[in-house]
Each structure stands twice: as C-alpha cells, then as structure tokens.
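Some notes on the structure that comes next.
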Amino acid sequence: MRLPLSCLLVVGLWGCAATRGPAVSEPSAAHAPSPLPFIENDYARALAEAKSRGVPLFVDTWAPWCHTCRSMKAYVFTDPALAKHAGRFVWLEVDTDQPRNADFLEKYPVESWPTFFILDPREEKPLVRFAGSATVPQLEKLFEDGERAYQGGAQGPEALLARGDALYGASKAAEAADVLTQALAEAPADWSRRGRALESLLVAQYGAKRYEACARTALAELPRVPHSASWANAAGLGLLCGLRLPPETPGARELMASLEERGQQALSPDIAMPADDRSGVYELLVEARQQAKDPEGAKALAARWLSFLEAEAARAPTPEARTVFDSHRMLAALVLGEPMRAVPALEQSEKDLPGDYNPPARLANLYRQLGRLDDALAASTRALEKVEGGRRLRVMSERADIQLARGERDAALRTLQDAIAYARTLSPAQAPPASVARLEKKLAELQAK
C-alpha cells in the first residue's frame, strides 16, 4: 500500500539522516539484480548520462529500514517484465541513509519512503513524484506519464494529471490537490488513469493536511475505480486520512466506520496486491481499532495480521525477501502482547544478513520489553556498529532507554549527549531541527530527574 505508516513522514527523530560513523559495508538489504540498470548513489553521474542521452531520469529514493522499499527491491524491481523498459530512462537509486546523498535530498526532499521521482535533466525539475509502492503495471503507467510530461503535448485530463504530478514534485501539495481534483472531474468514466490519479490526489490531500477532504474523496471516488491494487491503495489512503481527523470533526465516527469497511474490503483475496501492501492495510485497521479504544478488536486483527505475515515470510524466496516482513511481524506481536513470537525470526535475519543493522536494532527493542536487558544492550551495540543516518539517532535513543532500564543513568545521559552532538553534524535535509529538539527534550527531562 502506498504511504505505509511505518515509512511515512519520519523526518523527525527517526528520520533518514546521514552519518559520519564507522565505515561499514553496504547494507545487507542488497537486493537481487534488477533488469533495470540502476546507478547507485551517484546523482551527478546519472544526471550527466540523462542529459547526454536526452531521456528523463528515474530515481528510487529508499532506506534500508523501510520495509516497503525492500519489498519493491525484492519483488518488483527484480521482475523480468521490466527489462523492456531499460532504455526509457537513466535509472538511479538513492539510499537516504548515505552521507553522499545529502545534496540530493536538499534539492529533492523526501517525506515518505520509498519515493520515486521522474526528473527532467534539462532543468533538474521533477516531472513526477510518486510516494510509496507500485506493482509492475502501476510502474508502467508511471513511466508513460513521465515520458509524456517530458515530451509535452498532453491534453485534457492527461495534461492536468501531468501538471498535478509536477506540482506535487515541486512540494506544492495543496496546488497539486486542486489540479488533480479537476483532472478527475473532467475525465471520462472509463479513464485508464483514474486509479493512478485518485491515488495521487489522496497523497496530495494528505500532504496538504486536508484530511477530511481526503477521506471523503476516497469514499466518493472508490466506486468509480475497478477493484485492483489501486483501489486497495486508495482505500488505505482514505483510512489513513480518517485516522488523522480531529475527534471533534462532525460525522467523524460514521466516516471512520465507512473507511474501516473499505479497508476490510481491501484485504479481499480477490484483489491482487503485494503482500507488503496488504500488510499495510492490516496496520491501518489495527490503528483504527486502537484509536477507537477497542483493544480486543485490535488484538483480533493483529492475530490475523501476524498469521498472514508468518505465512508470507515462510514462502519468501530469499532471506532479503523474508526480512520485508520483519518490522510488521514485530509490530503485530507487540499489539498482541506476545513480543517473543517475533524474536526467532529477527534472530534468524541477523544470522542470514550479518551486515544489516535492522535485525539487531529491532531485537534490542524486543529484548528490552522482555526484560532481557543484557541481550538488549548487546544487540544495540551490534546495530550501532552498522547503522547510518537518522536511524542511528533512533538506535541511540533506544539505547538510552535500555541503559535507564539497567539503572545506568549516567550512561544514558552520555548516549543522548552523543546523539545530539552527532545529529548537529548532519545536513538539515537529513537531520531536521525537530529531530535534534526531541533529543534535547529527552535529555533535559532525564537531567531533571
């Protein structure tokens, strides 16, 4: 599902800043070869090649902690069906944890992971910015839309879609939402881009904080979209917007009931969608039950969610593909109140992918909640040896929690002080001031005790 909660708008304390920490190998989220010739973490080279060839530049911005990013790499970008598109663009992937990519992120800010850009290399301006996951058919529509915008000449709703894409790519979410609303209004009922345009509209409305408009748009437009991955994405986006409504919003309860019903429909096996996207719908539905103060309902959904994830992990073709489900397995187990149920999977992931910081970082969290504080501290140490970027700040903050649980107040203070000092060395695009402020608040509260 597009814009999964655990990969959304985490540019605060848990954001994707870069690090000047110890040298490490590339993250073990390294994926199977793609038929698309991606250039890794070298915007200047990719831009020069795109200018030389006279084609747009397609950019996949991702992070090793982002399960949807890893799902795209394990299950979509490796699809042989994409081979025929290799010559349409110059292909670039940007790991937002890498310090070398700070300049790119300052030029093209990322608020959710993954985000795909199609850039015009002549002016270095975004033609398309697409946030979240996509299937191969959805990517192919994106390719067509990017090329059409690059070449110009689109008319009618296609021209409005291209303009909306460009506005969203320029971080003008409210203006993009207005234009995309017009595109849907003017398009014929059988418009082949209706599902894609609806998803883009809902993302723009979310970005503009028009949560009620987003929720109501989803309910109004879903009957006009065939049951498909786009339908499920739109249902999930509508539910996400509903979850952000102020509780005093008139009719909020009835609106949420309708949105939850659409979310349940999105779980139908009749809708073909990636397992990670289906998991994202479960996550939203669990949050909806929690927000409704229905812990039993949330636990019942979490039980279904975890069983689904365990089954998907069991049939994953590679360890890298299996780790796509690790973070949600941990979340579902925590909602169930059974953290131990996720531990063996994470321990196996650490064995299979020794260069990946995610398994030990997640284990540190679970071990702490299980009261295994020595194991938690050791796992945190292993994660810190590998982690880069803003995720390092999260590992350090959670390490301070472990130290406090062990009664080591002075050590926790030093860890937070080190985290703040480190965060201040980073680019503002990778470590926003809000992230430093949260660390400072945590430190001040601990010093006051």
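In the structure tokens, chains take the letters A, B, ... in the order shown, each chain's residues start at 1, and ligands count up from 1 in the order shown.
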Exercise. Excluding region 355-361 of chain A and residues on its chain fewer than 5 positions from it, collect all residues at most 9 Å away from it, counting only C-alpha atoms, and give them as a VMD selection string.
Key: chain A and resid 24 to 29 64 to 65 323 326 to 327 345 to 350 376 378 to 388 395 398
Quiz item: Where does DSSP see strand (DSSP E or B) in region 16-177 of chain A, if you list the residues as a count of residues only?
Solution: 29
Self-check item: Test item: residues at most 8 Å from region 201-204 of chain A, only C-alpha atoms, excluding those fewer than 4 positions along its chain, as an MDAnalysis selection string
Solution: chainID A and resid 131 168 173:174 176:177 180:181 197 208 214 217:218 234 237:238
Practice problem: Work out how far CA of Leu161 (chain A) is from CA of Leu47 (chain A), in Å to one decimal. | Solution: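 So the two atoms, CA of Leu47 (chain A) and CA of Leu161 (chain A), lie 24.8 Å apart.
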Quiz item: Got a sec: who's within 7 Å of Glu212 (chain A), counting only C-alpha atoms, leaving out chain neighbours fewer than 3 positions off, as a PyMOL selection string?
Solution: chain A and resi 215-216+241-242+245
Could you write out that same residue set with C-alpha atoms as a PDB file, in the first residue's frame?
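The resulting file, out-v3.pdb, is reproduced below:
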```pdb
ATOM      1  CA  ALA A 215     -11.230  10.722   3.487  1.00  0.00           C
ATOM      2  CA  ARG A 216     -14.402  11.870   1.748  1.00  0.00           C
ATOM      3  CA  CYS A 241      -6.546  10.348   6.348  1.00  0.00           C
ATOM      4  CA  GLY A 242      -9.507   9.373   8.533  1.00  0.00           C
ATOM      5  CA  LEU A 245      -9.068  13.653  11.624  1.00  0.00           C
TER       6      LEU A 245
END
```
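For the pair CA of Ala213 (chain A) and CA of Leu259 (chain A), the interatomic distance is 13.0 Å.
In this comparison, which uses only C-alpha atoms, the residue of A:Ser171, A:Thr318, A:Gln264, A:Ser192 approaching Gln138 (chain A) most closely is A:Ser192.
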